[in-house]
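Source file model.cif; content: mmCIF, C-alpha atoms.
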data_coords
loop_
_atom_site.group_PDB
_atom_site.id
_atom_site.type_symbol
_atom_site.label_atom_id
_atom_site.label_comp_id
_atom_site.auth_asym_id
_atom_site.auth_seq_id
_atom_site.Cartn_x
_atom_site.Cartn_y
_atom_site.Cartn_z
ATOM 1 C CA MET A 15 0.000 0.000 0.000
ATOM 2 C CA GLU A 16 1.921 2.947 -1.316
ATOM 3 C CA TYR A 17 0.074 6.208 -0.982
ATOM 4 C CA LYS A 18 1.694 9.556 -1.766
ATOM 5 C CA SER A 19 0.191 11.135 1.361
ATOM 6 C CA ASP A 20 -2.095 10.462 4.300
ATOM 7 C CA VAL A 21 -4.811 12.440 2.512
ATOM 8 C CA GLU A 22 -4.654 10.021 -0.424
ATOM 9 C CA ALA A 23 -4.688 7.098 2.020
ATOM 10 C CA ILE A 24 -7.868 8.409 3.700
ATOM 11 C CA ASP A 25 -9.538 8.765 0.277
ATOM 12 C CA ALA A 26 -8.654 5.119 -0.391
ATOM 13 C CA PHE A 27 -9.992 4.170 3.061
ATOM 14 C CA VAL A 28 -13.385 5.779 2.292
ATOM 15 C CA LYS A 29 -13.687 3.614 -0.861
ATOM 16 C CA LYS A 30 -12.670 0.468 1.053
ATOM 17 C CA PHE A 31 -15.166 1.225 3.802
ATOM 18 C CA GLU A 32 -18.036 1.574 1.308
ATOM 19 C CA LEU A 33 -16.980 -1.674 -0.373
ATOM 20 C CA LEU A 34 -17.008 -3.464 2.997
ATOM 21 C CA ARG A 35 -20.500 -2.183 3.772
ATOM 22 C CA LYS A 36 -21.739 -3.261 0.335
ATOM 23 C CA GLU A 37 -20.416 -6.812 0.739
ATOM 24 C CA ILE A 38 -21.828 -7.161 4.271
ATOM 25 C CA ALA A 39 -25.221 -5.936 2.980
ATOM 26 C CA LYS A 40 -25.322 -8.965 0.636
ATOM 27 C CA VAL A 41 -25.938 -11.093 3.735
ATOM 28 C CA ILE A 42 -27.154 -8.752 6.490
ATOM 29 C CA VAL A 43 -30.389 -6.864 5.885
ATOM 30 C CA GLY A 44 -30.580 -3.365 7.405
ATOM 31 C CA GLN A 45 -28.600 -2.820 10.651
ATOM 32 C CA ASP A 46 -26.612 -0.075 8.843
ATOM 33 C CA GLU A 47 -25.718 1.788 12.038
ATOM 34 C CA VAL A 48 -24.625 -1.425 13.765
ATOM 35 C CA ILE A 49 -22.401 -2.433 10.831
ATOM 36 C CA LYS A 50 -20.906 1.065 10.696
ATOM 37 C CA ASP A 51 -20.121 1.042 14.437
ATOM 38 C CA VAL A 52 -18.585 -2.451 14.336
ATOM 39 C CA LEU A 53 -16.334 -1.460 11.419
ATOM 40 C CA ILE A 54 -15.361 1.806 13.169
ATOM 41 C CA SER A 55 -14.285 -0.148 16.235
ATOM 42 C CA ILE A 56 -12.243 -2.603 14.118
ATOM 43 C CA PHE A 57 -10.306 0.240 12.499
ATOM 44 C CA SER A 58 -9.993 1.941 15.917
ATOM 45 C CA LYS A 59 -8.470 -1.260 17.451
ATOM 46 C CA GLY A 60 -11.445 -1.516 19.821
ATOM 47 C CA HIS A 61 -13.654 -4.389 20.968
ATOM 48 C CA VAL A 62 -17.442 -4.482 20.812
ATOM 49 C CA LEU A 63 -20.244 -5.706 23.043
ATOM 50 C CA LEU A 64 -23.386 -6.481 21.003
ATOM 51 C CA VAL A 65 -26.570 -6.529 23.061
ATOM 52 C CA GLY A 66 -29.799 -7.854 21.584
ATOM 53 C CA VAL A 67 -32.491 -10.498 21.927
ATOM 54 C CA PRO A 68 -31.916 -13.905 20.257
ATOM 55 C CA GLY A 69 -32.469 -14.206 16.515
ATOM 56 C CA LEU A 70 -31.258 -10.752 15.448
ATOM 57 C CA ALA A 71 -28.333 -12.225 13.422
ATOM 58 C CA LYS A 72 -25.579 -11.198 15.859
ATOM 59 C CA THR A 73 -23.593 -14.370 15.124
ATOM 60 C CA LEU A 74 -24.234 -14.109 11.379
ATOM 61 C CA LEU A 75 -23.081 -10.480 11.428
ATOM 62 C CA VAL A 76 -19.754 -11.370 13.060
ATOM 63 C CA ASN A 77 -19.244 -14.333 10.733
ATOM 64 C CA THR A 78 -19.973 -12.192 7.660
ATOM 65 C CA ILE A 79 -17.590 -9.442 8.822
ATOM 66 C CA SER A 80 -14.781 -11.973 9.309
ATOM 67 C CA GLN A 81 -15.353 -13.314 5.750
ATOM 68 C CA VAL A 82 -15.353 -9.832 4.216
ATOM 69 C CA LEU A 83 -12.183 -8.902 6.119
ATOM 70 C CA GLY A 84 -10.505 -12.188 5.171
ATOM 71 C CA LEU A 85 -9.528 -12.873 8.787
ATOM 72 C CA SER A 86 -9.464 -16.083 10.814
ATOM 73 C CA PHE A 87 -12.527 -16.468 13.001
ATOM 74 C CA SER A 88 -13.339 -18.385 16.206
ATOM 75 C CA ARG A 89 -16.683 -18.704 17.910
ATOM 76 C CA ILE A 90 -16.654 -19.478 21.630
ATOM 77 C CA GLN A 91 -20.001 -20.395 23.148
ATOM 78 C CA PHE A 92 -19.884 -19.255 26.761
ATOM 79 C CA THR A 93 -21.508 -21.670 29.229
ATOM 80 C CA PRO A 94 -21.440 -21.937 33.043
ATOM 81 C CA ASP A 95 -18.945 -24.841 32.898
ATOM 82 C CA LEU A 96 -16.486 -23.192 30.468
ATOM 83 C CA MET A 97 -12.935 -23.063 31.892
ATOM 84 C CA PRO A 98 -10.178 -20.511 31.091
ATOM 85 C CA SER A 99 -8.141 -23.315 29.440
ATOM 86 C CA ASP A 100 -11.065 -23.905 27.037
ATOM 87 C CA ILE A 101 -10.421 -20.393 25.713
ATOM 88 C CA ILE A 102 -6.665 -19.890 25.841
ATOM 89 C CA GLY A 103 -5.466 -23.480 25.399
ATOM 90 C CA THR A 104 -3.699 -26.003 27.549
ATOM 91 C CA GLU A 105 -0.416 -27.857 27.960
ATOM 92 C CA ILE A 106 -0.341 -31.598 27.243
ATOM 93 C CA LEU A 107 2.377 -34.240 27.454
ATOM 94 C CA ASP A 108 3.516 -35.263 23.979
ATOM 95 C CA GLU A 109 4.939 -38.667 22.991
ATOM 96 C CA ASN A 110 8.448 -37.544 24.119
ATOM 97 C CA ARG A 111 7.110 -36.768 27.602
ATOM 98 C CA LYS A 112 7.621 -33.039 26.968
ATOM 99 C CA PHE A 113 4.948 -30.442 27.627
ATOM 100 C CA LYS A 114 3.443 -29.026 24.450
ATOM 101 C CA PHE A 115 1.094 -26.034 24.306
ATOM 102 C CA VAL A 116 -2.107 -26.642 22.339
ATOM 103 C CA LYS A 117 -3.599 -23.305 21.297
ATOM 104 C CA GLY A 118 -7.216 -22.545 22.202
ATOM 105 C CA PRO A 119 -9.790 -20.715 20.059
ATOM 106 C CA ILE A 120 -8.539 -17.315 21.283
ATOM 107 C CA PHE A 121 -5.745 -17.633 18.680
ATOM 108 C CA ALA A 122 -7.717 -16.125 15.802
ATOM 109 C CA ASN A 123 -8.122 -12.584 14.441
ATOM 110 C CA ILE A 124 -11.824 -12.219 15.225
ATOM 111 C CA ILE A 125 -13.302 -13.840 18.319
ATOM 112 C CA LEU A 126 -17.036 -14.143 18.748
ATOM 113 C CA ALA A 127 -17.653 -14.503 22.478
ATOM 114 C CA ASP A 128 -21.246 -15.702 22.355
ATOM 115 C CA GLU A 129 -23.350 -14.901 25.441
ATOM 116 C CA ILE A 130 -20.351 -13.732 27.455
ATOM 117 C CA ASN A 131 -22.516 -13.228 30.566
ATOM 118 C CA ARG A 132 -23.290 -16.977 30.780
ATOM 119 C CA THR A 133 -19.874 -17.869 32.191
ATOM 120 C CA PRO A 134 -18.334 -17.209 35.639
ATOM 121 C CA PRO A 135 -15.961 -14.257 36.192
ATOM 122 C CA LYS A 136 -12.844 -16.477 36.241
ATOM 123 C CA THR A 137 -13.413 -17.472 32.618
ATOM 124 C CA GLN A 138 -14.552 -13.994 31.570
ATOM 125 C CA SER A 139 -11.314 -12.559 32.914
ATOM 126 C CA ALA A 140 -9.230 -14.991 30.797
ATOM 127 C CA LEU A 141 -10.808 -13.461 27.693
ATOM 128 C CA LEU A 142 -10.519 -9.906 29.034
ATOM 129 C CA GLU A 143 -6.801 -10.296 29.748
ATOM 130 C CA ALA A 144 -6.301 -11.308 26.127
ATOM 131 C CA MET A 145 -8.313 -8.280 24.977
ATOM 132 C CA GLN A 146 -6.224 -5.898 27.048
ATOM 133 C CA GLU A 147 -2.738 -7.382 26.707
ATOM 134 C CA LYS A 148 -3.079 -8.958 23.201
ATOM 135 C CA SER A 149 -1.298 -11.968 24.706
ATOM 136 C CA VAL A 150 -2.035 -14.936 26.964
ATOM 137 C CA THR A 151 0.117 -16.460 29.686
ATOM 138 C CA VAL A 152 0.194 -20.220 30.257
ATOM 139 C CA SER A 153 2.523 -21.771 32.862
ATOM 140 C CA GLY A 154 4.538 -18.551 33.032
ATOM 141 C CA VAL A 155 5.097 -18.403 29.248
ATOM 142 C CA SER A 156 3.602 -15.520 27.281
ATOM 143 C CA HIS A 157 2.034 -16.209 23.877
ATOM 144 C CA ILE A 158 1.447 -13.174 21.637
ATOM 145 C CA LEU A 159 -1.848 -13.054 19.744
ATOM 146 C CA GLU A 160 -1.729 -12.297 16.044
ATOM 147 C CA GLU A 161 -2.838 -8.824 14.959
ATOM 148 C CA PRO A 162 -5.375 -7.621 14.005
ATOM 149 C CA PHE A 163 -7.123 -9.021 17.073
ATOM 150 C CA PHE A 164 -10.692 -8.127 17.770
ATOM 151 C CA VAL A 165 -13.340 -9.446 20.196
ATOM 152 C CA LEU A 166 -17.057 -9.200 19.533
ATOM 153 C CA ALA A 167 -19.011 -10.325 22.573
ATOM 154 C CA THR A 168 -22.764 -10.845 22.525
ATOM 155 C CA GLN A 169 -25.125 -10.558 25.436
ATOM 156 C CA ASN A 170 -28.813 -11.371 25.738
ATOM 157 C CA PRO A 171 -30.519 -8.564 27.718
ATOM 158 C CA ILE A 172 -33.687 -10.408 28.728
ATOM 159 C CA GLU A 173 -32.807 -13.776 30.163
ATOM 160 C CA GLN A 174 -30.939 -13.038 33.374
ATOM 161 C CA GLU A 175 -31.462 -16.468 34.998
ATOM 162 C CA GLY A 176 -28.093 -18.107 35.606
ATOM 163 C CA THR A 177 -26.031 -15.245 34.172
ATOM 164 C CA TYR A 178 -22.970 -13.480 35.546
ATOM 165 C CA PRO A 179 -23.182 -9.772 34.622
ATOM 166 C CA LEU A 180 -19.844 -8.334 33.524
ATOM 167 C CA PRO A 181 -18.184 -6.204 36.223
ATOM 168 C CA GLU A 182 -17.825 -2.500 35.361
ATOM 169 C CA ALA A 183 -14.026 -2.758 35.055
ATOM 170 C CA GLN A 184 -14.446 -5.484 32.447
ATOM 171 C CA LEU A 185 -17.203 -3.642 30.583
ATOM 172 C CA ASP A 186 -14.788 -0.708 30.334
ATOM 173 C CA ARG A 187 -12.522 -2.820 28.063
ATOM 174 C CA PHE A 188 -15.150 -2.690 25.318
ATOM 175 C CA MET A 189 -14.948 0.372 23.112
ATOM 176 C CA PHE A 190 -18.585 0.181 22.004
ATOM 177 C CA ASN A 191 -21.767 -1.176 23.519
ATOM 178 C CA ILE A 192 -24.090 -1.580 20.536
ATOM 179 C CA TRP A 193 -27.797 -2.311 20.885
ATOM 180 C CA LEU A 194 -29.453 -4.331 18.139
ATOM 181 C CA ASP A 195 -33.105 -3.695 17.533
ATOM 182 C CA TYR A 196 -35.797 -5.671 15.753
ATOM 183 C CA PRO A 197 -35.834 -5.189 11.961
ATOM 184 C CA SER A 198 -38.553 -3.041 10.384
ATOM 185 C CA TYR A 199 -41.515 -4.810 8.733
ATOM 186 C CA ASN A 200 -40.027 -4.502 5.207
ATOM 187 C CA GLU A 201 -36.569 -5.573 6.409
ATOM 188 C CA GLU A 202 -38.054 -8.646 8.055
ATOM 189 C CA ILE A 203 -39.857 -9.585 4.818
ATOM 190 C CA ASP A 204 -36.503 -9.232 3.030
ATOM 191 C CA VAL A 205 -34.763 -11.403 5.663
ATOM 192 C CA VAL A 206 -37.363 -14.156 5.301
ATOM 193 C CA LYS A 207 -37.182 -14.057 1.483
ATOM 194 C CA ARG A 208 -33.398 -14.298 1.502
ATOM 195 C CA THR A 209 -33.047 -17.043 4.095
ATOM 196 C CA THR A 210 -35.760 -19.472 3.027
ATOM 197 C CA VAL A 211 -34.422 -20.216 -0.454
ATOM 198 C CA GLU A 212 -31.843 -22.654 -1.749
ATOM 199 C CA GLU A 213 -29.238 -20.106 -2.833
ATOM 200 C CA VAL A 214 -27.784 -18.061 0.016
ATOM 201 C CA GLN A 215 -25.493 -15.207 -1.017
ATOM 202 C CA LYS A 216 -21.852 -15.341 0.013
ATOM 203 C CA PRO A 217 -19.844 -12.154 0.567
ATOM 204 C CA ASP A 218 -16.430 -11.622 -1.078
ATOM 205 C CA THR A 219 -13.238 -10.761 0.773
ATOM 206 C CA VAL A 220 -12.366 -7.141 -0.041
ATOM 207 C CA ILE A 221 -9.455 -6.297 2.279
ATOM 208 C CA THR A 222 -6.350 -8.049 3.613
ATOM 209 C CA ALA A 223 -5.008 -8.240 7.173
ATOM 210 C CA ASP A 224 -2.052 -6.014 6.168
ATOM 211 C CA GLU A 225 -4.406 -3.356 4.809
ATOM 212 C CA ILE A 226 -6.443 -3.451 8.033
ATOM 213 C CA LEU A 227 -3.273 -2.906 10.088
ATOM 214 C CA PHE A 228 -2.224 -0.078 7.748
ATOM 215 C CA PHE A 229 -5.596 1.686 8.091
ATOM 216 C CA GLN A 230 -5.631 1.134 11.884
ATOM 217 C CA ASN A 231 -2.293 2.970 12.088
ATOM 218 C CA LEU A 232 -3.545 5.644 9.667
ATOM 219 C CA MET A 233 -6.471 6.406 12.032
ATOM 220 C CA ARG A 234 -3.974 7.108 14.832
ATOM 221 C CA LYS A 235 -2.175 9.668 12.654
ATOM 222 C CA ILE A 236 -5.256 11.809 12.001
ATOM 223 C CA PRO A 237 -4.747 15.245 13.616
ATOM 224 C CA VAL A 238 -7.325 16.463 16.143
ATOM 225 C CA PRO A 239 -8.088 20.168 16.801
ATOM 226 C CA GLU A 240 -7.710 21.377 20.390
ATOM 227 C CA ASN A 241 -11.426 22.204 20.749
ATOM 228 C CA VAL A 242 -12.347 18.578 19.905
ATOM 229 C CA TYR A 243 -9.995 17.262 22.619
ATOM 230 C CA ASN A 244 -11.583 19.716 25.055
ATOM 231 C CA TYR A 245 -15.096 18.681 24.062
ATOM 232 C CA ALA A 246 -14.404 14.932 24.453
ATOM 233 C CA VAL A 247 -12.751 15.275 27.863
ATOM 234 C CA THR A 248 -15.451 17.699 29.082
ATOM 235 C CA LEU A 249 -18.191 15.305 27.930
ATOM 236 C CA ALA A 250 -16.632 12.398 29.859
ATOM 237 C CA ALA A 251 -16.074 14.621 32.918
ATOM 238 C CA LYS A 252 -19.733 15.778 32.884
ATOM 239 C CA THR A 253 -20.829 12.192 33.604
ATOM 240 C CA ARG A 254 -18.978 12.016 36.945
ATOM 241 C CA PRO A 255 -21.428 12.845 39.746
ATOM 242 C CA ASN A 256 -20.355 15.114 42.610
ATOM 243 C CA THR A 257 -17.237 16.361 40.856
ATOM 244 C CA LYS A 258 -16.474 19.928 39.803
ATOM 245 C CA ALA A 259 -17.312 19.331 36.131
ATOM 246 C CA ALA A 260 -20.454 17.242 36.760
ATOM 247 C CA HIS A 261 -23.680 18.088 34.934
ATOM 248 C CA ASP A 262 -26.826 18.564 37.066
ATOM 249 C CA TRP A 263 -28.363 15.433 35.542
ATOM 250 C CA SER A 264 -25.293 13.400 36.522
ATOM 251 C CA ASN A 265 -25.626 14.552 40.125
ATOM 252 C CA ASP A 266 -29.329 13.739 40.105
ATOM 253 C CA PHE A 267 -29.445 10.474 38.170
ATOM 254 C CA LEU A 268 -26.027 8.769 38.178
ATOM 255 C CA THR A 269 -24.105 6.866 40.836
ATOM 256 C CA TRP A 270 -21.018 6.464 38.675
ATOM 257 C CA GLY A 271 -19.502 8.181 35.638
ATOM 258 C CA ALA A 272 -17.143 7.335 32.781
ATOM 259 C CA GLY A 273 -13.386 7.061 33.332
ATOM 260 C CA PRO A 274 -10.511 8.414 31.195
ATOM 261 C CA ARG A 275 -10.775 5.447 28.814
ATOM 262 C CA ALA A 276 -14.058 6.976 27.604
ATOM 263 C CA SER A 277 -12.231 10.198 26.624
ATOM 264 C CA GLN A 278 -9.612 8.177 24.716
ATOM 265 C CA TYR A 279 -12.239 6.173 22.838
ATOM 266 C CA LEU A 280 -14.290 9.302 22.055
ATOM 267 C CA ILE A 281 -11.265 10.765 20.268
ATOM 268 C CA VAL A 282 -10.210 7.548 18.489
ATOM 269 C CA GLY A 283 -13.813 6.843 17.454
ATOM 270 C CA ALA A 284 -14.263 10.431 16.243
ATOM 271 C CA LYS A 285 -11.109 10.157 14.095
ATOM 272 C CA CYS A 286 -12.438 7.042 12.387
ATOM 273 C CA HIS A 287 -15.952 8.475 12.045
ATOM 274 C CA ALA A 288 -14.458 11.551 10.360
ATOM 275 C CA ALA A 289 -12.337 9.390 8.023
ATOM 276 C CA ILE A 290 -15.257 7.252 6.795
ATOM 277 C CA ASN A 291 -17.052 10.486 5.890
ATOM 278 C CA GLY A 292 -14.060 11.706 3.891
ATOM 279 C CA LYS A 293 -12.908 14.284 6.452
ATOM 280 C CA TYR A 294 -9.201 14.632 7.263
ATOM 281 C CA SER A 295 -9.768 15.760 10.838
ATOM 282 C CA PRO A 296 -12.635 15.171 13.295
ATOM 283 C CA ASP A 297 -14.960 17.854 14.613
ATOM 284 C CA ILE A 298 -17.374 17.946 17.571
ATOM 285 C CA GLU A 299 -20.144 16.273 15.502
ATOM 286 C CA ASP A 300 -17.900 13.205 15.073
ATOM 287 C CA VAL A 301 -17.449 12.923 18.846
ATOM 288 C CA GLN A 302 -21.221 13.212 19.302
ATOM 289 C CA ALA A 303 -21.844 10.520 16.662
ATOM 290 C CA VAL A 304 -19.914 7.879 18.641
ATOM 291 C CA SER A 305 -20.744 9.118 22.159
ATOM 292 C CA THR A 306 -23.826 6.954 22.909
ATOM 293 C CA ALA A 307 -22.171 3.620 22.069
ATOM 294 C CA ILE A 308 -19.045 4.618 24.030
ATOM 295 C CA LEU A 309 -20.714 6.028 27.162
ATOM 296 C CA ARG A 310 -23.719 3.683 27.414
ATOM 297 C CA HIS A 311 -21.919 0.976 29.443
ATOM 298 C CA ARG A 312 -19.672 3.344 31.399
ATOM 299 C CA ILE A 313 -22.275 5.270 33.372
ATOM 300 C CA ILE A 314 -24.512 3.775 36.057
ATOM 301 C CA ARG A 315 -27.963 5.135 36.847
ATOM 302 C CA ASN A 316 -29.199 5.498 40.412
ATOM 303 C CA TYR A 317 -32.582 4.413 41.815
ATOM 304 C CA LYS A 318 -34.039 7.883 41.138
ATOM 305 C CA ALA A 319 -33.373 7.577 37.393
ATOM 306 C CA GLU A 320 -34.923 4.112 37.377
ATOM 307 C CA ALA A 321 -37.966 5.334 39.340
ATOM 308 C CA GLU A 322 -38.457 8.237 36.937
ATOM 309 C CA ASN A 323 -37.868 5.961 33.925
ATOM 310 C CA ILE A 324 -34.908 7.988 32.666
ATOM 311 C CA SER A 325 -32.722 5.798 30.471
ATOM 312 C CA VAL A 326 -28.952 5.931 30.054
ATOM 313 C CA GLU A 327 -29.558 7.160 26.479
ATOM 314 C CA ASN A 328 -31.745 10.045 27.772
ATOM 315 C CA ILE A 329 -28.928 11.096 30.095
ATOM 316 C CA ILE A 330 -26.261 10.913 27.342
ATOM 317 C CA ASP A 331 -28.490 12.948 24.977
ATOM 318 C CA LYS A 332 -28.895 15.597 27.660
ATOM 319 C CA LEU A 333 -25.119 15.809 28.282
ATOM 320 C CA VAL A 334 -24.279 15.907 24.564
ATOM 321 C CA LYS A 335 -26.778 18.681 23.852
#
Would you mind writing the file's structure down as structure tokens?
Amino acid sequence: MEYKSDVEAIDAFVKKFELLRKEIAKVIVGQDEVIKDVLISIFSKGHVLLVGVPGLAKTLLVNTISQVLGLSFSRIQFTPDLMPSDIIGTEILDENRKFKFVKGPIFANIILADEINRTPPKTQSALLEAMQEKSVTVSGVSHILEEPFFVLATQNPIEQEGTYPLPEAQLDRFMFNIWLDYPSYNEEIDVVKRTTVEEVQKPDTVITADEILFFQNLMRKIPVPENVYNYAVTLAAKTRPNTKAAHDWSNDFLTWGAGPRASQYLIVGAKCHAAINGKYSPDIEDVQAVSTAILRHRIIRNYKAEAENISVENIIDKLVK
């Protein structure tokens, strides 16, 4: 990938991004915002938590994205009896009576952690260490995970029997928390027509792992104006109740606000959001565009907000505006 300048590289990125969306749309009907956010987080080196009821094609979406990106893909079904070694791998004695490490499913570029809240914290933390460190440690030996490395975890919001909600510190590792909604009536008709016939469309691979790494690094190079930095940090600070910068709504309706990682992700996400729209530098609108998915899982409502039926999204809208 030889581009004369970063500007030319961003122009090429816009074309690639549109191509990716077009290929994914061959399989996934609608969900444009979800697809856009997932792709933004991939190019921002972030991980995603997808929350939605069963049957909304969360697994199919992840599978399709891995095909289009031409990356290796592992699906881990989280269950109450899943052990950390089932994710990261284990050491076995080979025929020469030497210990040999057998890699687990975590050694892939895209990991689908299906129903992550169905497994105990010990196993969740094995995955979260890999997300944070991009490596796993077995018997004191560190094994580096191949880049690009990206975790998409799914969570079912309704069935809370026998689940282990992710602790806040672990939720914070996810760049985006994306809610999937039911399709519209026409979209659902389209889904049924496409999936109940013999021929099911297959997407083509349109980008290589090297190109993904190149564009991930390109996103980091995008310059950010001072006022955008100020806006992002102020927005995160407004969510922290009983601090100097807190917004009145935060004091009234929140028990906990977003940490500095939110500010970092707001800037990185804004850079990528600007790039996909052909801009060479982000503005405040780009920060606002990614703010809901970034802040949603980082702020905790108090009983008053729940009693008055004020949602996390209502609070974020208020702070953004």
Which distance in Å separates CA of Thr222 in chain A and CA of Leu83 in chain A, to one decimal?
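Rounded to one decimal, the two atoms are 6.4 Å apart.
The interatomic distance for the pair CA of Leu309 in chain A and CA of Arg234 in chain A works out to 20.8 Å.
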For a quick check of understanding, using all atoms listed in the file, which of A:Ile236, A:Ile56, A:Val67, A:Leu107 has the smallest distance to Ile79 in chain A?
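Smallest separation from Ile79 in chain A among the options: A:Ile56.
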Expansion of the PyMOL selection byres ((chain A and resi 125-134) around 7) into residues, as an NGL selection string:
:A and (76 or 87-94 or 96 or 120 or 122-124 or 135-138 or 164-170 or 176-180)
To one decimal in Å, tell me the separation between CA of Leu70 in chain A and CA of Leu53 in chain A.
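Answer for the CA of Leu70 in chain A to CA of Leu53 in chain A separation: 18.0 Å.
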Do a neighbour search on range 242-250 of chain A at 12 Å with only C-alpha atoms, toss out local chain neighbours closer than 5 positions, and write the hits as a count of residues only.
48
Give me the residues near Tyr196 in chain A as an NGL selection string, where near means some atom within 10 Å (using all atoms listed in the file) and where sequence neighbours in that chain fewer than 4 positions away do not count.
:A and (45 or 66-67 or 69-70 or 201-202)
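Between Pro162 in chain A and the candidates A:Ile226, A:Val41, A:Met189, A:Val205, the tightest atom-to-atom separation, counting only C-alpha atoms, involves A:Ile226.
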Around all of range 318-334 of chain A's listed atoms, make the axis-aligned box with 6 Å on each side and tell me centre and edge lengths in Å to one decimal, as JSON.
{"center_x": -31.4, "center_y": 10.0, "center_z": 32.9, "size_x": 26.2, "size_y": 23.8, "size_z": 28.6}
Selection: 9 Å around Ile221 in chain A, all atoms listed in the file, excl. self and same-chain fewer than 4 positions, as a PyMOL selection string:
chain A and resi 30+34+82-84+225-226
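The smallest atom-to-atom distance between His311 in chain A and any of A:Asn200, A:Asn256, A:Ser86, A:Asn191, using all atoms listed in the file, is found for A:Asn191.
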Let me know the residues the PyMOL selection byres ((chain A and resi 18-24) around 9) catches in the file above, as a PyMOL selection string.
chain A and resi 15-17+25-29+229+232-233+235-236+289-290+292-294
Applying the PyMOL selection byres ((chain A and resi 145) around 8) to the file I just gave you, which residues come out? Please list them as a VMD selection string.
chain A and resid 61 141 to 144 146 to 149 164 to 165 187
